[in-house]
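Okay, final-v1.cif is below, mmCIF, C-alpha atoms:
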```cif
data_model
#
loop_
_atom_site.label_atom_id
_atom_site.label_comp_id
_atom_site.auth_asym_id
_atom_site.auth_seq_id
_atom_site.Cartn_x
_atom_site.Cartn_y
_atom_site.Cartn_z
CA MET A 1 13.98 100.63 -46.03
CA GLN A 2 13.20 96.96 -45.99
CA PRO A 3 13.99 95.46 -42.61
CA VAL A 4 15.58 92.04 -42.56
CA LEU A 5 13.21 90.25 -40.25
CA THR A 6 14.67 87.65 -37.98
CA ARG A 7 12.60 85.00 -36.26
CA ARG A 8 12.48 87.14 -33.15
CA GLY A 9 11.38 90.15 -35.22
CA LYS A 10 8.52 88.16 -36.71
CA LEU A 11 7.50 86.85 -33.31
CA LEU A 12 7.48 90.38 -31.88
CA THR A 13 5.37 91.57 -34.83
CA VAL A 14 2.86 88.76 -34.32
CA VAL A 15 2.64 89.52 -30.59
CA ALA A 16 2.25 93.27 -31.21
CA VAL A 17 -0.44 92.75 -33.88
CA GLY A 18 -2.19 90.27 -31.58
CA ILE A 19 -2.27 92.73 -28.68
CA VAL A 20 -3.59 95.53 -30.89
CA ALA A 21 -6.22 93.21 -32.40
CA VAL A 22 -7.43 92.08 -28.98
CA ALA A 23 -7.57 95.69 -27.75
CA ILE A 24 -9.60 96.73 -30.80
CA ALA A 25 -11.89 93.72 -30.38
CA ILE A 26 -12.54 94.55 -26.72
CA ALA A 27 -13.23 98.19 -27.58
CA TYR A 28 -15.65 97.37 -30.40
CA ALA A 29 -17.38 94.61 -28.45
CA SER A 30 -18.09 96.87 -25.49
CA VAL A 31 -18.96 100.14 -27.21
CA GLU A 32 -22.32 100.30 -28.99
CA PRO A 33 -22.42 101.91 -32.47
CA SER A 34 -25.27 104.16 -31.23
CA SER A 35 -23.04 105.64 -28.51
CA GLY A 36 -21.50 108.04 -31.03
CA TYR A 37 -17.95 107.16 -30.03
CA TYR A 38 -17.18 105.41 -33.31
CA PRO A 39 -14.95 107.49 -35.58
CA ARG A 40 -16.86 108.65 -38.61
CA CYS A 41 -15.89 108.31 -42.21
CA ALA A 42 -14.44 111.51 -43.66
CA PHE A 43 -15.45 110.46 -47.18
CA LYS A 44 -19.08 110.03 -46.15
CA MET A 45 -19.16 113.32 -44.24
CA LEU A 46 -17.75 115.20 -47.22
CA THR A 47 -19.59 113.51 -50.09
CA GLY A 48 -22.55 111.77 -48.51
CA LEU A 49 -21.51 108.64 -50.36
CA SER A 50 -20.45 105.37 -48.74
CA CYS A 51 -16.76 104.56 -48.99
CA PRO A 52 -15.66 100.91 -49.45
CA GLY A 53 -15.11 100.65 -45.71
CA CYS A 54 -18.31 102.26 -44.43
CA GLY A 55 -20.05 99.91 -42.04
CA SER A 56 -16.85 98.09 -41.08
CA GLN A 57 -17.02 99.22 -37.47
CA ARG A 58 -20.64 98.18 -37.10
CA ALA A 59 -19.71 94.92 -38.86
CA ILE A 60 -16.91 94.27 -36.34
CA HIS A 61 -19.32 94.98 -33.50
CA ALA A 62 -21.96 92.65 -34.95
CA LEU A 63 -19.36 89.95 -35.61
CA LEU A 64 -18.14 90.12 -32.02
CA GLN A 65 -21.74 89.78 -30.85
CA GLY A 66 -21.94 86.63 -32.95
CA ASP A 67 -24.38 88.14 -35.44
CA PHE A 68 -22.72 87.11 -38.69
CA ARG A 69 -25.71 88.03 -40.84
CA ALA A 70 -25.88 91.57 -39.53
CA ALA A 71 -22.11 91.87 -40.02
CA ILE A 72 -22.44 90.97 -43.71
CA GLY A 73 -25.30 93.42 -44.01
CA PHE A 74 -23.16 96.26 -42.67
CA ASN A 75 -20.18 95.61 -44.95
CA ALA A 76 -19.96 92.37 -46.90
CA LEU A 77 -16.66 93.31 -48.56
CA PHE A 78 -14.99 93.86 -45.21
CA ILE A 79 -16.14 90.46 -43.96
CA ALA A 80 -14.95 88.87 -47.21
CA GLU A 81 -11.52 90.44 -46.88
CA ILE A 82 -10.83 89.19 -43.36
CA PRO A 83 -9.78 85.70 -44.56
CA LEU A 84 -7.75 87.31 -47.36
CA LEU A 85 -5.89 89.49 -44.86
CA LEU A 86 -5.22 86.48 -42.63
CA LEU A 87 -3.88 84.58 -45.66
CA LEU A 88 -1.61 87.51 -46.59
CA GLY A 89 -0.28 87.65 -43.04
CA PHE A 90 0.32 83.91 -43.09
CA SER A 91 2.19 84.00 -46.40
CA TRP A 92 4.34 86.87 -45.12
CA LEU A 93 5.23 84.98 -41.95
CA PHE A 94 6.05 81.75 -43.78
CA ARG A 95 7.37 83.12 -47.05
CA ASP A 96 10.39 80.84 -46.84
CA ARG A 97 8.28 77.73 -46.42
CA PHE A 98 5.56 78.60 -48.93
CA PRO A 99 7.28 80.67 -51.64
CA ARG A 100 4.63 79.77 -54.21
CA LEU A 101 1.78 81.10 -52.07
CA GLY A 102 3.68 84.36 -51.70
CA ARG A 103 4.19 84.56 -55.45
CA VAL A 104 0.51 83.95 -56.20
CA LEU A 105 -0.61 86.53 -53.65
CA SER A 106 1.79 89.18 -54.90
CA ASN A 107 0.87 88.58 -58.55
CA GLN A 108 0.01 91.83 -60.30
CA PHE A 109 -3.18 90.49 -61.86
CA PHE A 110 -4.38 89.21 -58.49
CA ILE A 111 -3.78 92.59 -56.83
CA LEU A 112 -5.51 94.47 -59.65
CA VAL A 113 -8.53 92.16 -59.30
CA ILE A 114 -8.68 93.10 -55.60
CA LEU A 115 -8.46 96.77 -56.49
CA ALA A 116 -11.19 96.40 -59.12
CA THR A 117 -13.37 94.54 -56.61
CA ILE A 118 -13.04 97.37 -54.11
CA ILE A 119 -13.91 100.00 -56.73
CA ILE A 120 -16.88 98.06 -58.16
CA TRP A 121 -18.13 97.35 -54.64
CA THR A 122 -18.04 101.06 -53.86
CA ILE A 123 -20.00 101.97 -56.98
CA VAL A 124 -22.57 99.20 -56.56
CA ARG A 125 -23.20 99.88 -52.90
CA ASN A 126 -23.83 103.54 -53.61
CA ILE A 127 -26.22 102.82 -56.49
CA PHE A 128 -28.26 100.26 -54.55
CA ASP A 129 -27.73 102.00 -51.25
CA PHE A 130 -26.48 99.28 -48.90
CA MET B 1 26.61 103.92 -41.31
CA LYS B 2 29.50 101.48 -41.77
CA TYR B 3 29.13 98.19 -43.61
CA TRP B 4 31.11 94.96 -43.47
CA ILE B 5 31.10 92.42 -46.26
CA ILE B 6 32.59 88.98 -46.89
CA ILE B 7 33.99 88.21 -50.33
CA ASP B 8 35.97 85.06 -51.01
CA ASN B 9 36.07 84.27 -47.30
CA VAL B 10 37.73 87.58 -46.52
CA GLN B 11 35.93 90.12 -44.40
CA ARG B 12 36.18 93.74 -45.49
CA GLY B 13 35.11 96.80 -43.55
CA PRO B 14 34.22 99.23 -42.24
CA LEU B 15 33.05 100.55 -45.59
CA GLU B 16 30.78 103.41 -46.53
CA LEU B 17 27.64 102.55 -48.52
CA GLU B 18 29.09 104.24 -51.61
CA GLU B 19 32.27 102.21 -51.36
CA LEU B 20 30.36 98.94 -51.55
CA ALA B 21 29.64 99.27 -55.25
CA SER B 22 33.33 99.44 -56.09
CA GLN B 23 34.23 96.27 -54.20
CA PRO B 24 35.39 93.68 -56.74
CA GLY B 25 33.28 90.54 -56.67
CA ILE B 26 30.31 91.99 -54.78
CA SER B 27 26.92 90.57 -55.74
CA PHE B 28 23.41 90.29 -54.30
CA SER B 29 24.42 87.13 -52.48
CA THR B 30 27.42 88.72 -50.76
CA PRO B 31 27.07 88.54 -46.98
CA VAL B 32 26.66 92.04 -45.52
CA TRP B 33 26.46 93.27 -41.96
CA HIS B 34 25.97 96.70 -40.43
CA GLU B 35 25.34 97.91 -36.91
CA GLY B 36 21.84 97.17 -35.77
CA LEU B 37 21.55 93.88 -37.65
CA SER B 38 21.38 90.90 -35.36
CA ASP B 39 22.95 88.67 -37.99
CA TRP B 40 24.68 88.76 -41.31
CA SER B 41 22.34 89.49 -44.15
CA THR B 42 22.93 89.56 -47.89
CA ALA B 43 23.47 92.53 -50.16
CA GLY B 44 20.27 91.68 -52.01
CA ALA B 45 18.20 91.65 -48.83
CA LEU B 46 19.24 95.18 -47.87
CA PRO B 47 17.54 97.58 -50.28
CA GLU B 48 20.02 100.42 -49.87
CA VAL B 49 22.91 98.07 -50.60
CA ALA B 50 21.04 96.38 -53.45
CA ALA B 51 20.32 99.78 -54.96
CA VAL B 52 23.98 100.79 -54.81
CA ILE B 53 25.09 97.52 -56.37
CA SER B 54 22.47 97.46 -59.09
CA GLY B 55 23.58 100.95 -60.07
CA GLN B 56 26.48 99.13 -61.64
CA PRO B 57 25.49 97.46 -64.88
CA ARG B 58 27.97 94.59 -64.58
CA GLN B 59 26.47 93.43 -61.26
CA GLN B 60 23.36 91.60 -62.40
CA PHE B 61 22.05 89.05 -60.01
CA GLY B 62 22.37 85.43 -60.90
CA GLY B 63 25.66 86.18 -62.64
CA GLN B 64 27.77 83.16 -63.35
CA PRO B 65 31.10 84.25 -61.91
CA TYR B 66 29.77 84.22 -58.37
CA GLY B 67 27.80 81.06 -58.86
CA GLN B 68 30.90 79.04 -59.53
CA ALA B 69 32.82 80.50 -56.66
CA TYR B 70 30.06 79.57 -54.26
CA THR B 71 29.50 76.01 -55.37
CA GLN B 72 33.09 75.28 -54.57
CA GLN B 73 32.82 76.75 -51.12
CA PRO B 74 29.45 76.07 -49.56
CA TYR B 75 28.18 78.26 -46.77
CA GLY B 76 28.35 77.21 -43.21
CA GLN B 77 31.46 75.13 -43.58
CA GLN B 78 34.22 77.62 -44.14
CA ALA B 79 35.78 79.93 -41.65
CA TYR B 80 35.37 83.52 -42.69
CA GLY B 81 38.72 85.07 -41.92
CA GLN B 82 39.70 87.03 -38.85
CA SER B 83 36.23 88.28 -38.13
CA GLN B 84 35.89 90.23 -34.93
CA TYR B 85 32.13 89.73 -35.23
CA GLY B 86 32.41 86.05 -34.64
CA GLN B 87 32.57 83.42 -37.30
CA GLN B 88 30.29 81.26 -35.24
CA GLN B 89 27.53 83.80 -35.39
CA TYR B 90 27.80 83.97 -39.15
CA ASN B 91 28.12 80.24 -39.66
CA GLN B 92 25.14 79.55 -37.47
CA SER B 93 22.83 81.93 -39.14
CA TYR B 94 23.45 80.50 -42.58
CA GLY B 95 21.97 77.18 -43.46
CA GLN B 96 19.44 77.40 -40.67
CA GLN B 97 15.87 78.58 -40.52
CA GLN B 98 16.51 82.20 -41.22
CA TYR B 99 17.99 81.59 -44.64
CA SER B 100 16.24 78.33 -45.37
CA GLY B 101 14.53 79.79 -48.42
CA TRP B 102 17.77 81.18 -49.67
CA GLN B 103 19.28 79.40 -52.64
CA PRO B 104 23.02 79.64 -52.86
CA PRO B 105 24.67 80.42 -56.22
CA GLY B 106 23.42 80.15 -59.72
CA ASP B 107 20.15 81.78 -58.88
CA GLY B 108 21.50 83.78 -55.97
CA GLN B 109 18.48 86.05 -56.25
CA PRO B 110 17.55 88.35 -53.41
CA LYS B 111 14.11 87.89 -51.91
CA MET B 112 11.22 89.85 -53.29
CA PRO B 113 10.66 93.02 -51.30
CA ASN B 114 7.47 93.18 -49.26
CA ASN B 115 4.55 94.68 -51.16
CA TYR B 116 2.54 95.59 -48.02
CA LEU B 117 -0.65 94.45 -49.74
CA ALA B 118 -2.45 93.49 -46.53
CA LEU B 119 -1.74 96.88 -44.97
CA ALA B 120 -2.69 98.65 -48.20
CA ILE B 121 -6.07 96.89 -48.24
CA ILE B 122 -6.67 97.75 -44.58
CA ALA B 123 -5.69 101.36 -45.32
CA THR B 124 -8.09 101.52 -48.27
CA ILE B 125 -11.02 100.04 -46.40
CA CYS B 126 -10.55 101.56 -42.97
CA CYS B 127 -8.71 104.82 -43.21
CA CYS B 128 -8.43 106.95 -46.20
CA ILE B 129 -9.43 105.70 -49.61
CA PRO B 130 -7.41 107.69 -52.16
CA THR B 131 -4.04 107.12 -50.49
CA GLY B 132 -4.87 103.48 -49.80
CA ILE B 133 -5.55 102.94 -53.51
CA VAL B 134 -2.18 104.48 -54.36
CA ALA B 135 -0.59 102.00 -51.94
CA ILE B 136 -2.38 99.07 -53.62
CA ILE B 137 -1.22 100.23 -57.06
CA TYR B 138 2.40 100.35 -55.90
CA ALA B 139 1.95 96.95 -54.23
CA ALA B 140 0.90 95.58 -57.61
CA LYS B 141 4.11 96.89 -59.20
CA VAL B 142 6.49 95.05 -56.88
CA SER B 143 6.08 91.54 -58.23
CA PRO B 144 6.35 92.27 -61.98
CA ALA B 145 9.47 94.40 -61.45
CA TYR B 146 11.01 91.63 -59.38
CA MET B 147 10.08 88.96 -61.92
CA ARG B 148 11.76 90.78 -64.78
CA GLY B 149 14.91 91.06 -62.68
CA ASP B 150 14.67 94.78 -62.01
CA TYR B 151 15.36 94.57 -58.30
CA ALA B 152 15.91 98.30 -57.83
CA ALA B 153 12.45 99.04 -59.29
CA ALA B 154 10.87 96.40 -57.07
CA VAL B 155 12.49 97.97 -54.01
CA GLU B 156 11.28 101.40 -55.11
CA ALA B 157 7.69 100.19 -55.59
CA SER B 158 7.89 98.45 -52.23
CA SER B 159 9.03 101.55 -50.39
CA LYS B 160 6.40 103.68 -52.13
CA ALA B 161 3.69 101.21 -51.12
CA GLN B 162 5.04 101.42 -47.57
CA LEU B 163 5.07 105.22 -47.68
CA TRP B 164 1.43 105.45 -48.82
CA VAL B 165 0.34 102.90 -46.23
CA ILE B 166 1.96 105.07 -43.56
CA VAL B 167 0.37 108.23 -44.99
CA SER B 168 -3.05 106.52 -44.93
CA PHE B 169 -2.73 105.30 -41.38
CA VAL B 170 -1.44 108.64 -40.08
CA ALA B 171 -4.32 110.44 -41.82
CA GLY B 172 -6.78 107.94 -40.34
CA LEU B 173 -5.36 108.27 -36.84
CA ILE B 174 -5.46 112.05 -36.99
CA TRP B 175 -9.00 112.02 -38.29
CA ALA B 176 -10.52 109.45 -35.92
CA PRO B 177 -10.57 111.48 -32.67
CA PHE B 178 -11.82 114.59 -34.50
CA SER B 179 -14.70 112.71 -36.07
CA ALA B 180 -15.65 111.12 -32.76
CA ILE B 181 -15.76 114.55 -31.11
CA PHE B 182 -17.77 115.89 -34.03
CA SER B 183 -20.31 113.11 -33.92
CA LEU B 184 -20.74 113.49 -30.15
CA PHE B 185 -21.58 117.15 -30.65
CA SER B 186 -23.89 116.59 -33.58
CA MET B 187 -26.03 114.00 -31.82
#
```

Show the structure stored in the file as structure tokens.
Amino acid sequence: MQPVLTRRGKLLTVVAVGIVAVAIAIAYASVEPSSGYYPRCAFKMLTGLSCPGCGSQRAIHALLQGDFRAAIGFNALFIAEIPLLLLLGFSWLFRDRFPRLGRVLSNQFFILVILATIIIWTIVRNIFDF
Amino acid sequence: MKYWIIIDNVQRGPLELEELASQPGISFSTPVWHEGLSDWSTAGALPEVAAVISGQPRQQFGGQPYGQAYTQQPYGQQAYGQSQYGQQQYNQSYGQQQYSGWQPPGDGQPKMPNNYLALAIIATICCCIPTGIVAIIYAAKVSPAYMRGDYAAAVEASSKAQLWVIVSFVAGLIWAPFSAIFSLFSM
């Protein structure tokens, strides 16, 4: 069911997401990819192919080390989607104040373009092996 | 669960969900409250209520009869009967931040249900691709259904998007520790 979010509910959500994000950031900043502790992609283990998200964890690690170039090299799509996700979160939080932003971001065509981008990205990265 | 509603400044309740549909004058902009809500909401903002109401063909949102009634009696000014839940609480919540995007009458449309797009994208990229893609497809269906006025379909697409996001995250969380153990052994 769709919860009716009050101001307090939104604030709690932001705080909870913030805490989780900081915890994840600390974990990925301190654990090296070579340690073997990173969860592995089920899709890659089963098929040998890269999924759209493969490299995201290494990208987060590189980003937290300040190596933006390496981060893009590990998963460019993931890096590109970070601002999009932030924008989506923003439009959800302030949907009353920016109703048009919310409408643009929930537009069917827009969402299908995102979906197509993810699919094309997956195909291309497997053909050219990056 | 019991529901309370306010129609024409008169509070009615406790009512069962099924009884709501048969209340004369109920619309998506009717104030509704049930236990667990911190404030009054509207029928259109509560999917289960919206679904019950929209099951009735004569209750389309934006219908004129309600529009006129509301313009004569703006929110926040009137006392709402002998409410044991506090008129103040109700009066305060309306007209302030929480409902600032809410347009009274005429186009008393409920808000568009969440499409969970951000979570669906995260699910697709980080957890479990096939189920994440299903979530994105349902997310894409929310807006068009809402735009053509089919609120029940928008709510359904929204809850399906939510369901597949949850499925993806649960699958990802179950998988993660297993894969870490596996990769430690295979090194």

Fill in the blank from the handout: Counting all atoms listed in the file, the residue among A:Arg69, A:Lys44, A:Arg97, A:Arg125 that lies closest to chain B is A:Arg97

Starting from chain B, keep only residues with some atom at most 8 Å from an atom of chain A, counting only C-alpha atoms, and report them as an mmCIF file with C-alpha atoms, in the frame of the given file.
```cif
data_model
loop_
_atom_site.group_PDB
_atom_site.id
_atom_site.type_symbol
_atom_site.label_atom_id
_atom_site.label_comp_id
_atom_site.auth_asym_id
_atom_site.auth_seq_id
_atom_site.Cartn_x
_atom_site.Cartn_y
_atom_site.Cartn_z
ATOM 1 C CA LEU B 37 21.550 93.880 -37.650
ATOM 2 C CA SER B 38 21.380 90.900 -35.360
ATOM 3 C CA SER B 41 22.340 89.490 -44.150
ATOM 4 C CA ALA B 45 18.200 91.650 -48.830
ATOM 5 C CA LEU B 46 19.240 95.180 -47.870
ATOM 6 C CA PRO B 47 17.540 97.580 -50.280
ATOM 7 C CA GLU B 48 20.020 100.420 -49.870
ATOM 8 C CA GLN B 98 16.510 82.200 -41.220
ATOM 9 C CA TYR B 99 17.990 81.590 -44.640
ATOM 10 C CA SER B 100 16.240 78.330 -45.370
ATOM 11 C CA GLY B 101 14.530 79.790 -48.420
ATOM 12 C CA TRP B 102 17.770 81.180 -49.670
ATOM 13 C CA PRO B 113 10.660 93.020 -51.300
ATOM 14 C CA ASN B 114 7.470 93.180 -49.260
ATOM 15 C CA ASN B 115 4.550 94.680 -51.160
ATOM 16 C CA LEU B 117 -0.650 94.450 -49.740
ATOM 17 C CA ALA B 118 -2.450 93.490 -46.530
ATOM 18 C CA THR B 124 -8.090 101.520 -48.270
ATOM 19 C CA ILE B 125 -11.020 100.040 -46.400
ATOM 20 C CA CYS B 126 -10.550 101.560 -42.970
ATOM 21 C CA CYS B 128 -8.430 106.950 -46.200
ATOM 22 C CA ILE B 129 -9.430 105.700 -49.610
ATOM 23 C CA ILE B 133 -5.550 102.940 -53.510
ATOM 24 C CA ILE B 136 -2.380 99.070 -53.620
ATOM 25 C CA ILE B 137 -1.220 100.230 -57.060
ATOM 26 C CA ALA B 139 1.950 96.950 -54.230
ATOM 27 C CA ALA B 140 0.900 95.580 -57.610
ATOM 28 C CA LYS B 141 4.110 96.890 -59.200
ATOM 29 C CA VAL B 142 6.490 95.050 -56.880
ATOM 30 C CA SER B 143 6.080 91.540 -58.230
ATOM 31 C CA PRO B 144 6.350 92.270 -61.980
ATOM 32 C CA SER B 159 9.030 101.550 -50.390
ATOM 33 C CA TRP B 175 -9.000 112.020 -38.290
ATOM 34 C CA ALA B 176 -10.520 109.450 -35.920
ATOM 35 C CA PRO B 177 -10.570 111.480 -32.670
ATOM 36 C CA PHE B 178 -11.820 114.590 -34.500
ATOM 37 C CA SER B 179 -14.700 112.710 -36.070
ATOM 38 C CA ALA B 180 -15.650 111.120 -32.760
ATOM 39 C CA ILE B 181 -15.760 114.550 -31.110
ATOM 40 C CA SER B 183 -20.310 113.110 -33.920
ATOM 41 C CA LEU B 184 -20.740 113.490 -30.150
ATOM 42 C CA MET B 187 -26.030 114.000 -31.820
#
```

Exercise for the section: Measure the distance from atom CA of Ile53 of chain B to atom CA of Glu18 of chain B in Å and round it to one decimal. Expected result: 9.2 Å

Edge lengths and centre in Å, axis-aligned, segment 76-80 of chain A plus 5 Å each side, as lines of an AutoDock Vina configuration file:
```
center_x = -17.5
center_y = 91.4
center_z = -46.3
size_x = 15.0
size_y = 15.0
size_z = 14.6
```

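Among the candidates A:Val113, A:Lys10, A:Ile72, A:Val31, the one nearest to Phe90 of chain A when counting only C-alpha atoms is A:Lys10.
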
Exercise for the section: Go ahead and compute the interatomic distance for atom CA of Gln23 of chain B and atom CA of Gly44 of chain B, in Å to one decimal. Expected result: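 Atom-to-atom, atom CA of Gln23 of chain B to atom CA of Gly44 of chain B, that is 14.9 Å.
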
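Of the residues listed (B:Ile26, B:Leu173, B:Ala120, B:Ala157), B:Ile26 shows the shortest atom-to-atom separation from Trp4 of chain B; distances use all atoms listed in the file.
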
Problem - Option closest in space to Ile24 of chain A, from A:Ala76, A:Ser91, A:Ile120, A:His61 [counting all atoms listed in the file] - result: A:His61

Practice task
Enter the distance from atom CA of Gln65 of chain A to atom CA of Tyr28 of chain A, in Å, rounded to one decimal.
Solution key: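 Taking atom CA of Gln65 of chain A as the start and atom CA of Tyr28 of chain A as the end point, the length is 9.7 Å.
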
Exercise for the section: Within 8 Å of Ala152 of chain B, counting all atoms listed in the file, which residues show up once you throw out same-chain ones fewer than 3 positions away? Write them as a PyMOL selection string, please. Expected result: chain B and resi 47+50-51+54+155-156

Handout entry: Top pick for closest residue to Ala29 of chain A, considering A:Gly73, A:Gly48, A:Gly9, A:Gly66 and counting only C-alpha atoms
Key = A:Gly66

Got a sec to write segment 88-96 of chain A of the block to a file, all heavy atoms, as a tab-separated table (two decimals), in the first residue's frame?
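Result went into result_16.tsv, see below:
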```
chain	number	residue	atom	x	y	z
A	88	LEU	N	16.05	11.87	-8.77
A	88	LEU	CA	14.80	11.17	-8.48
A	88	LEU	C	14.44	11.28	-7.00
A	88	LEU	O	13.28	11.51	-6.64
A	88	LEU	CB	14.90	9.70	-8.89
A	88	LEU	CG	14.82	9.41	-10.38
A	88	LEU	CD1	15.21	7.97	-10.66
A	88	LEU	CD2	13.43	9.68	-10.91
A	89	GLY	N	15.45	11.14	-6.15
A	89	GLY	CA	15.21	11.28	-4.71
A	89	GLY	C	14.74	12.68	-4.38
A	89	GLY	O	13.80	12.88	-3.61
A	90	PHE	N	15.38	13.67	-5.00
A	90	PHE	CA	15.01	15.06	-4.77
A	90	PHE	C	13.57	15.33	-5.20
A	90	PHE	O	12.78	15.93	-4.47
A	90	PHE	CB	15.97	15.96	-5.56
A	90	PHE	CG	15.66	17.43	-5.47
A	90	PHE	CD1	16.16	18.19	-4.43
A	90	PHE	CD2	14.87	18.04	-6.43
A	90	PHE	CE1	15.87	19.54	-4.34
A	90	PHE	CE2	14.57	19.38	-6.35
A	90	PHE	CZ	15.08	20.13	-5.30
A	91	SER	N	13.19	14.83	-6.38
A	91	SER	CA	11.84	15.10	-6.88
A	91	SER	C	10.80	14.37	-6.04
A	91	SER	O	9.67	14.84	-5.89
A	91	SER	CB	11.71	14.71	-8.35
A	91	SER	OG	11.40	13.35	-8.48
A	92	TRP	N	11.18	13.23	-5.44
A	92	TRP	CA	10.25	12.54	-4.56
A	92	TRP	C	10.05	13.32	-3.27
A	92	TRP	O	8.94	13.48	-2.77
A	92	TRP	CB	10.78	11.13	-4.24
A	92	TRP	CG	9.98	10.41	-3.22
A	92	TRP	CD1	8.78	9.81	-3.40
A	92	TRP	CD2	10.32	10.24	-1.84
A	92	TRP	NE1	8.35	9.28	-2.22
A	92	TRP	CE2	9.27	9.52	-1.24
A	92	TRP	CE3	11.41	10.62	-1.04
A	92	TRP	CZ2	9.28	9.17	0.11
A	92	TRP	CZ3	11.41	10.26	0.29
A	92	TRP	CH2	10.35	9.56	0.85
A	93	LEU	N	11.16	13.85	-2.73
A	93	LEU	CA	11.08	14.60	-1.48
A	93	LEU	C	10.27	15.89	-1.65
A	93	LEU	O	9.52	16.27	-0.77
A	93	LEU	CB	12.48	14.96	-0.99
A	93	LEU	CG	13.22	13.91	-0.18
A	93	LEU	CD1	14.59	14.42	0.20
A	93	LEU	CD2	12.43	13.58	1.09
A	94	PHE	N	10.45	16.56	-2.79
A	94	PHE	CA	9.83	17.86	-2.99
A	94	PHE	C	8.78	17.81	-4.08
A	94	PHE	O	8.65	18.73	-4.88
A	94	PHE	CB	10.90	18.91	-3.30
A	94	PHE	CG	11.91	19.05	-2.20
A	94	PHE	CD1	13.17	18.48	-2.33
A	94	PHE	CD2	11.60	19.71	-1.03
A	94	PHE	CE1	14.10	18.59	-1.30
A	94	PHE	CE2	12.52	19.83	0.00
A	94	PHE	CZ	13.78	19.27	-0.14
A	95	ARG	N	8.00	16.73	-4.12
A	95	ARG	CA	7.04	16.58	-5.20
A	95	ARG	C	5.94	17.64	-5.14
A	95	ARG	O	5.35	17.98	-6.15
A	95	ARG	CB	6.43	15.17	-5.19
A	95	ARG	CG	5.74	14.80	-3.91
A	95	ARG	CD	5.40	13.33	-3.89
A	95	ARG	NE	4.33	12.99	-4.82
A	95	ARG	CZ	3.81	11.80	-4.94
A	95	ARG	NH1	4.29	10.81	-4.21
A	95	ARG	NH2	2.84	11.56	-5.78
A	96	ASP	N	5.69	18.15	-3.94
A	96	ASP	CA	4.68	19.20	-3.83
A	96	ASP	C	5.19	20.53	-4.40
A	96	ASP	O	4.44	21.30	-4.97
A	96	ASP	CB	4.29	19.41	-2.37
A	96	ASP	CG	3.51	18.22	-1.84
A	96	ASP	OD1	3.11	17.39	-2.68
A	96	ASP	OD2	3.31	18.13	-0.62
```
